[in-house]
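Here's the structure, in structure tokens; my notes come after.
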Amino acid sequence: MIPLLDLNAQLLSYREAALAAMTRVMDSQHFIMGPDVDGFEADLAEWTGAGHAVGVSSGTDALLVALMALDVGPGDEVVTSPFTFFATAGAVSRLGGTPVFVDIDPGTFNVTEAALRSAITPNTKALIPVHLFGQLADTGGLADDPTAPPIIEDAAQALGGTLHGKHTGHHGLCSTVSFFPSKNLGGFGDGGAVITRDAAFAEKLKILRLHGSKPKYFHHVVGGNFRLDALQAAVLAVKLPHLHGWAEGRQANAARYRGLFAESGLLERGLITLPVALPHGGHVYNQFVVRAQDRDGLQAHLEAQGIGTAVYYPRPLHLQPCFADLGYGPGDFPESERACAEVLALPVYPELAPDQLAQVVRAVAGFYGV
Ligand SMILES: Cc1ncc(COP(=O)(O)O)c(C=O)c1O
């Protein structure tokens with residue numbers, strides 16, 4: 001059995017420290033905001049070098065509160081990828097804004113600077129490049145272009161990833177991250193954060209996550225309850241120092257996969273296509289996603305051999321029934337649609353042993369009779 005992800009393998013490295021942290025919060029009975037949330041935010045701000053981090057209740061709420069801070073509402077367009085988790089565009093719609101999709105680059109699965117620029121109109125309020133699977137989208141000169149709309153980096157899958165040596169949070173106005181348990185930095189439940197270099201924007205986010213209240217019980221804006229729990233913050237603070245090491249483990253496994261697939265004969269036959277990692281980027285492989293011929297057949301074959309895989313994502317957002325009123329149809333974003341039919345995520349978590357990776361590649365080759 002090789003699961004797609006084994007969180008228990010990772011737990012051993014921080015279990016005692018997490019227990020101590022949770023016990024400390026329990027004994028303090030200080031569960032809402034307070035020193036653990038402040039402390040984790042300071043750690044994350046320093047770790048990314050961005051200067052400011054605002055803990056929130058999930059990666060979804062990180063997107064929502066960032067869009068609220070930009071006053072996104074009816075009539076506003078937000079340009080993003082159709083090949084992403086639903087929350088990226090869902091947050092825009094929930095505020096009455098209009099998601100505008102652009103197609104992805106087939107190698108990296110990310111949107112490009114050119115694609116984003118092509119969709120900018122006078123109504124564009126923000127751009128949300130998604131750093132899919134752990135690799136930062138290269139948005140070129142957009143972040144430094146004063147005529148371009150503000151960028152919210154959706155880094156739910158990419159905390160620890162870099163571009164030109166810089167973490168997420170440095171490639172736009174802000175970056176939103178998720179601490180969903182399967183993410184590279186996962187909590188013991190839901191959680192998220194907005195990372196930014198902009199002190200005034202961080203202050204706005206802090207007010208919005210507390211119902212727009214400042215001072216307490218006085219509301220100049222309508223916000224919501226978007227708080228990160230102190231218990232989650234305490235656990236995340238214990239895990240954050242491990243994140244570099246875990247990313248290195250994933251990168252080493254991805255490099256092994258590349259070597260094993262290169263030797264397998266699968267690549268030149270076009271049966272498997274590996275993801276492109278940008279030379280100036282630091283991909284942290286929250287997922288190792290290949291393209292496969294007869295993807296569904298391969299997935300069933302691997303499952304029968306006890307190897308866990310997943311399809312992120314089977315249907316692009318422009319073809320989701322809830323977005324029918326946006327007026328998109330099949331064929332509008334061919335690369336995103338093709339990716340939905342071909343992608344398969346293989347196990348890449350840091351504790352996997354080299355012989356397990358070899359077993360996965362052998363099983364893939366076995367399916368194709370290579
Ligand atoms: C790209 C992307 N954006 C946003 C989210 C939402 O994060 P959360 O599940 O913490 O709300 C996710 C989570 O899977 C994601 O992958």
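Every chain in the structure tokens takes a letter, A first, then B, and so on in the order presented; its residues are numbered from 1, and the ligands are numbered from 1 following the presented order.
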- [ ] Write out as a PyMOL selection string the residues lying within 12 Å of Glu16 (chain A), counting only C-alpha atoms and excluding same-chain residues fewer than 4 positions away.
- [x] chain A and resi 11-12+20-23+235+238-239
- [ ] May I ask you to write as number ranges by chain all residues lying at most 9 Å from ligand 1, with only C-alpha atoms and all ligand atoms counted?
- [x] A: 57-63, 83-89, 130-133, 154-158, 176-183, 189-192
Task: Best match for closeness to Arg256 (chain A) among A:Leu228, A:Leu240, A:Val361, A:Ile207, counting only C-alpha atoms - done: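 The shortest atom-to-atom distance to Arg256 (chain A) comes from A:Val361.
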Open item on the list: Residues within 10 Å of Leu231 (chain A), please, as a list of chain:residue names. Count only C-alpha atoms; anything in the same chain fewer than 3 positions from it doesn't count.
Closed with: A:Ala18, A:Ala21, A:Met22, A:Thr23, A:Arg24, A:Val25, A:Met26, A:His30, A:Phe31, A:Ile32, A:Met33, A:Asp36, A:Val37, A:Gly187, A:Phe188, A:Gly189, A:Leu228, A:Ala234, A:Val235, A:Leu236
Saved selection, atoms kept: C-alpha atoms, as an mmCIF file, in the first residue's frame:
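Output file out.cif is given in full below:
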```
data_model
loop_
_atom_site.group_PDB
_atom_site.id
_atom_site.type_symbol
_atom_site.label_atom_id
_atom_site.label_comp_id
_atom_site.auth_asym_id
_atom_site.auth_seq_id
_atom_site.Cartn_x
_atom_site.Cartn_y
_atom_site.Cartn_z
ATOM 1 C CA ALA A 18 2.203 19.796 19.161
ATOM 2 C CA ALA A 21 1.441 23.494 22.452
ATOM 3 C CA MET A 22 -2.188 22.338 22.486
ATOM 4 C CA THR A 23 -2.020 21.625 26.215
ATOM 5 C CA ARG A 24 -0.630 25.097 26.826
ATOM 6 C CA VAL A 25 -3.520 26.723 24.906
ATOM 7 C CA MET A 26 -6.039 24.490 26.686
ATOM 8 C CA HIS A 30 -7.401 31.546 25.520
ATOM 9 C CA PHE A 31 -8.887 30.151 22.312
ATOM 10 C CA ILE A 32 -9.760 33.284 20.323
ATOM 11 C CA MET A 33 -7.012 35.577 18.991
ATOM 12 C CA ASP A 36 -0.640 32.212 19.874
ATOM 13 C CA VAL A 37 -2.256 33.844 16.842
ATOM 14 C CA GLY A 187 -3.211 22.358 10.567
ATOM 15 C CA PHE A 188 -5.448 20.097 12.629
ATOM 16 C CA GLY A 189 -8.503 21.409 10.809
ATOM 17 C CA LEU A 228 -7.762 31.690 12.873
ATOM 18 C CA ALA A 234 -0.207 26.969 18.150
ATOM 19 C CA VAL A 235 0.063 23.773 16.090
ATOM 20 C CA LEU A 236 1.073 25.649 12.944
#
```
Task: Per-residue DSSP, region 45-256 of chain A, filtered to strand (DSSP E), as a ChimeraX atom specification - done: /A:52-56,77-80,98-101,124-128,152-154,162-163,166-167,174-178,192-196
TODO: Might you pull out every residue within 8 Å of Pro3 (chain A), with only C-alpha atoms counted and same-chain residues fewer than 2 positions away left off, and present them as a list of chain:residue names?
DONE: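 Listing them by chain and then by number gives A:Met1, A:Leu5, A:Asp6, A:Gly306, A:Ile307, A:Gly308, A:Thr309, A:Pro347.
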Output N, CA, C and O atoms of each residue in that selection to a file, as a CSV table (one decimal), in the first residue's frame.
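result04.csv, freshly written:
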```csv
chain,number,residue,atom,x,y,z
A,1,MET,N,0.8,-1.2,0.0
A,1,MET,CA,0.0,0.0,0.0
A,1,MET,C,0.9,1.3,0.0
A,1,MET,O,1.7,1.4,0.9
A,5,LEU,N,-1.1,10.3,0.3
A,5,LEU,CA,-0.6,11.1,1.4
A,5,LEU,C,-0.7,10.4,2.7
A,5,LEU,O,-1.7,9.8,3.0
A,6,ASP,N,0.4,10.4,3.5
A,6,ASP,CA,0.4,9.7,4.8
A,6,ASP,C,0.8,10.7,5.9
A,6,ASP,O,2.0,10.9,6.2
A,306,GLY,N,-2.9,-0.9,-4.9
A,306,GLY,CA,-2.8,-0.3,-3.6
A,306,GLY,C,-2.0,1.0,-3.6
A,306,GLY,O,-1.5,1.4,-2.6
A,307,ILE,N,-2.0,1.7,-4.8
A,307,ILE,CA,-1.3,3.0,-4.9
A,307,ILE,C,-2.4,4.1,-5.1
A,307,ILE,O,-3.2,4.1,-6.0
A,308,GLY,N,-2.3,5.0,-4.1
A,308,GLY,CA,-3.3,6.1,-4.1
A,308,GLY,C,-2.9,7.2,-5.1
A,308,GLY,O,-1.7,7.6,-5.2
A,309,THR,N,-3.9,7.7,-5.8
A,309,THR,CA,-3.7,8.8,-6.7
A,309,THR,C,-4.9,9.7,-6.6
A,309,THR,O,-5.9,9.4,-5.9
A,347,PRO,N,1.7,9.8,-5.5
A,347,PRO,CA,2.2,10.1,-4.1
A,347,PRO,C,3.6,10.7,-4.2
A,347,PRO,O,4.5,10.3,-4.9
```
Open item on the list: Env of Glu248 (chain A): 10 Å cut, atoms = only C-alpha atoms, seq-sep filter 6 positions within chain, self excluded. Answer as a PyMOL selection string.
Closed with: chain A and resi 160+254+283-285+350
Residues just named, written with N, CA and C atoms as an mmCIF file, in the first residue's frame:
```cif
data_model
loop_
_atom_site.group_PDB
_atom_site.id
_atom_site.type_symbol
_atom_site.label_atom_id
_atom_site.label_comp_id
_atom_site.auth_asym_id
_atom_site.auth_seq_id
_atom_site.Cartn_x
_atom_site.Cartn_y
_atom_site.Cartn_z
ATOM 1 N N GLY A 160 5.946 28.085 0.686
ATOM 2 C CA GLY A 160 7.302 27.504 0.614
ATOM 3 C C GLY A 160 7.859 27.560 -0.794
ATOM 4 N N ALA A 254 10.411 14.281 -6.217
ATOM 5 C CA ALA A 254 10.057 14.675 -7.591
ATOM 6 C C ALA A 254 11.252 14.437 -8.520
ATOM 7 N N HIS A 283 9.710 24.891 -7.079
ATOM 8 C CA HIS A 283 8.465 24.117 -7.008
ATOM 9 C C HIS A 283 8.509 23.279 -5.724
ATOM 10 N N VAL A 284 7.447 23.325 -4.915
ATOM 11 C CA VAL A 284 7.461 22.536 -3.673
ATOM 12 C C VAL A 284 6.510 21.327 -3.719
ATOM 13 N N TYR A 285 5.968 21.049 -4.888
ATOM 14 C CA TYR A 285 5.275 19.779 -5.132
ATOM 15 C C TYR A 285 4.271 19.409 -4.044
ATOM 16 N N PRO A 350 6.988 13.651 1.644
ATOM 17 C CA PRO A 350 8.425 13.589 1.899
ATOM 18 C C PRO A 350 8.923 12.276 2.505
#
```
- [ ] From a DSSP calculation on the backbone, collect every residue of region 110-141 of chain A in helix (DSSP H, G or I) and output the set as a PyMOL selection string.
- [x] chain A and resi 113-118+132-134
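Once Gln10 (chain A) and its same-chain neighbours fewer than 5 positions away are set aside, Arg15, Trp246, Pro350 and Glu351 of chain A remain within 9 Å of it when counting only C-alpha atoms.
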Open item on the list: Give me, as a list in words, all polymer residues having an atom no more than 12 Å from Gln293 (chain A), counting only C-alpha atoms and skipping those fewer than 6 positions away in the same chain.
Closed with: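 Everything that qualifies: Leu266, Leu267, Arg269, Gly270, Leu271, Ile272, Thr273, Gln299, Arg338, Ala339, Ala341, Glu342, Val343, Leu344, Val364, Ala365, Phe367 and Tyr368 of chain A.
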Open item on the list: I'd like to know which of A:Gly212, A:Gly223, A:Gly165, A:Pro82 is closest to Gly329 (chain A), using only C-alpha atoms.
Closed with: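 For Gly329 (chain A), the nearest of the given residues is A:Pro82.
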Using only C-alpha atoms, what table do you get, as JSON lines, when you list each residue of region 235-350 of chain A with an atom no more than 12 Å from region 104-115 of chain A, its nearest pair of atoms, and their distance in Å rounded to one decimal, rows by chain then rising number?
```
{"residue": "A:Thr273", "atom": "CA", "partner": "A:Gly107", "partner_atom": "CA", "distance": 9.1}
{"residue": "A:Leu274", "atom": "CA", "partner": "A:Gly107", "partner_atom": "CA", "distance": 8.3}
{"residue": "A:Pro275", "atom": "CA", "partner": "A:Gly107", "partner_atom": "CA", "distance": 5.9}
{"residue": "A:Val276", "atom": "CA", "partner": "A:Gly107", "partner_atom": "CA", "distance": 5.0}
{"residue": "A:Ala277", "atom": "CA", "partner": "A:Thr108", "partner_atom": "CA", "distance": 6.7}
{"residue": "A:Leu278", "atom": "CA", "partner": "A:Thr108", "partner_atom": "CA", "distance": 7.8}
{"residue": "A:Pro279", "atom": "CA", "partner": "A:Thr108", "partner_atom": "CA", "distance": 11.5}
{"residue": "A:Gly281", "atom": "CA", "partner": "A:Thr108", "partner_atom": "CA", "distance": 11.0}
{"residue": "A:His283", "atom": "CA", "partner": "A:Thr108", "partner_atom": "CA", "distance": 10.2}
{"residue": "A:Tyr285", "atom": "CA", "partner": "A:Thr108", "partner_atom": "CA", "distance": 11.7}
{"residue": "A:Gln287", "atom": "CA", "partner": "A:Phe109", "partner_atom": "CA", "distance": 12.0}
{"residue": "A:Phe288", "atom": "CA", "partner": "A:Thr108", "partner_atom": "CA", "distance": 11.3}
{"residue": "A:Val289", "atom": "CA", "partner": "A:Phe109", "partner_atom": "CA", "distance": 9.6}
{"residue": "A:Val290", "atom": "CA", "partner": "A:Gly107", "partner_atom": "CA", "distance": 10.0}
{"residue": "A:Arg291", "atom": "CA", "partner": "A:Gly107", "partner_atom": "CA", "distance": 9.9}
{"residue": "A:Tyr312", "atom": "CA", "partner": "A:Phe109", "partner_atom": "CA", "distance": 11.0}
{"residue": "A:Tyr313", "atom": "CA", "partner": "A:Phe109", "partner_atom": "CA", "distance": 11.2}
{"residue": "A:Pro316", "atom": "CA", "partner": "A:Ile104", "partner_atom": "CA", "distance": 11.0}
{"residue": "A:Asp332", "atom": "CA", "partner": "A:Ile104", "partner_atom": "CA", "distance": 11.6}
{"residue": "A:Phe333", "atom": "CA", "partner": "A:Ile104", "partner_atom": "CA", "distance": 8.0}
{"residue": "A:Pro334", "atom": "CA", "partner": "A:Ile104", "partner_atom": "CA", "distance": 8.9}
{"residue": "A:Glu335", "atom": "CA", "partner": "A:Pro106", "partner_atom": "CA", "distance": 6.0}
{"residue": "A:Ser336", "atom": "CA", "partner": "A:Ile104", "partner_atom": "CA", "distance": 6.1}
{"residue": "A:Glu337", "atom": "CA", "partner": "A:Ile104", "partner_atom": "CA", "distance": 9.7}
{"residue": "A:Arg338", "atom": "CA", "partner": "A:Pro106", "partner_atom": "CA", "distance": 8.8}
{"residue": "A:Ala339", "atom": "CA", "partner": "A:Pro106", "partner_atom": "CA", "distance": 7.5}
{"residue": "A:Cys340", "atom": "CA", "partner": "A:Phe109", "partner_atom": "CA", "distance": 10.4}
{"residue": "A:Glu342", "atom": "CA", "partner": "A:Pro106", "partner_atom": "CA", "distance": 11.0}
{"residue": "A:Val343", "atom": "CA", "partner": "A:Phe109", "partner_atom": "CA", "distance": 10.0}
```
- [ ] Tell me, in Å to one decimal, how far CA of Arg197 (chain A) is from CA of Gly169 (chain A).
- [x] 6.9 Å
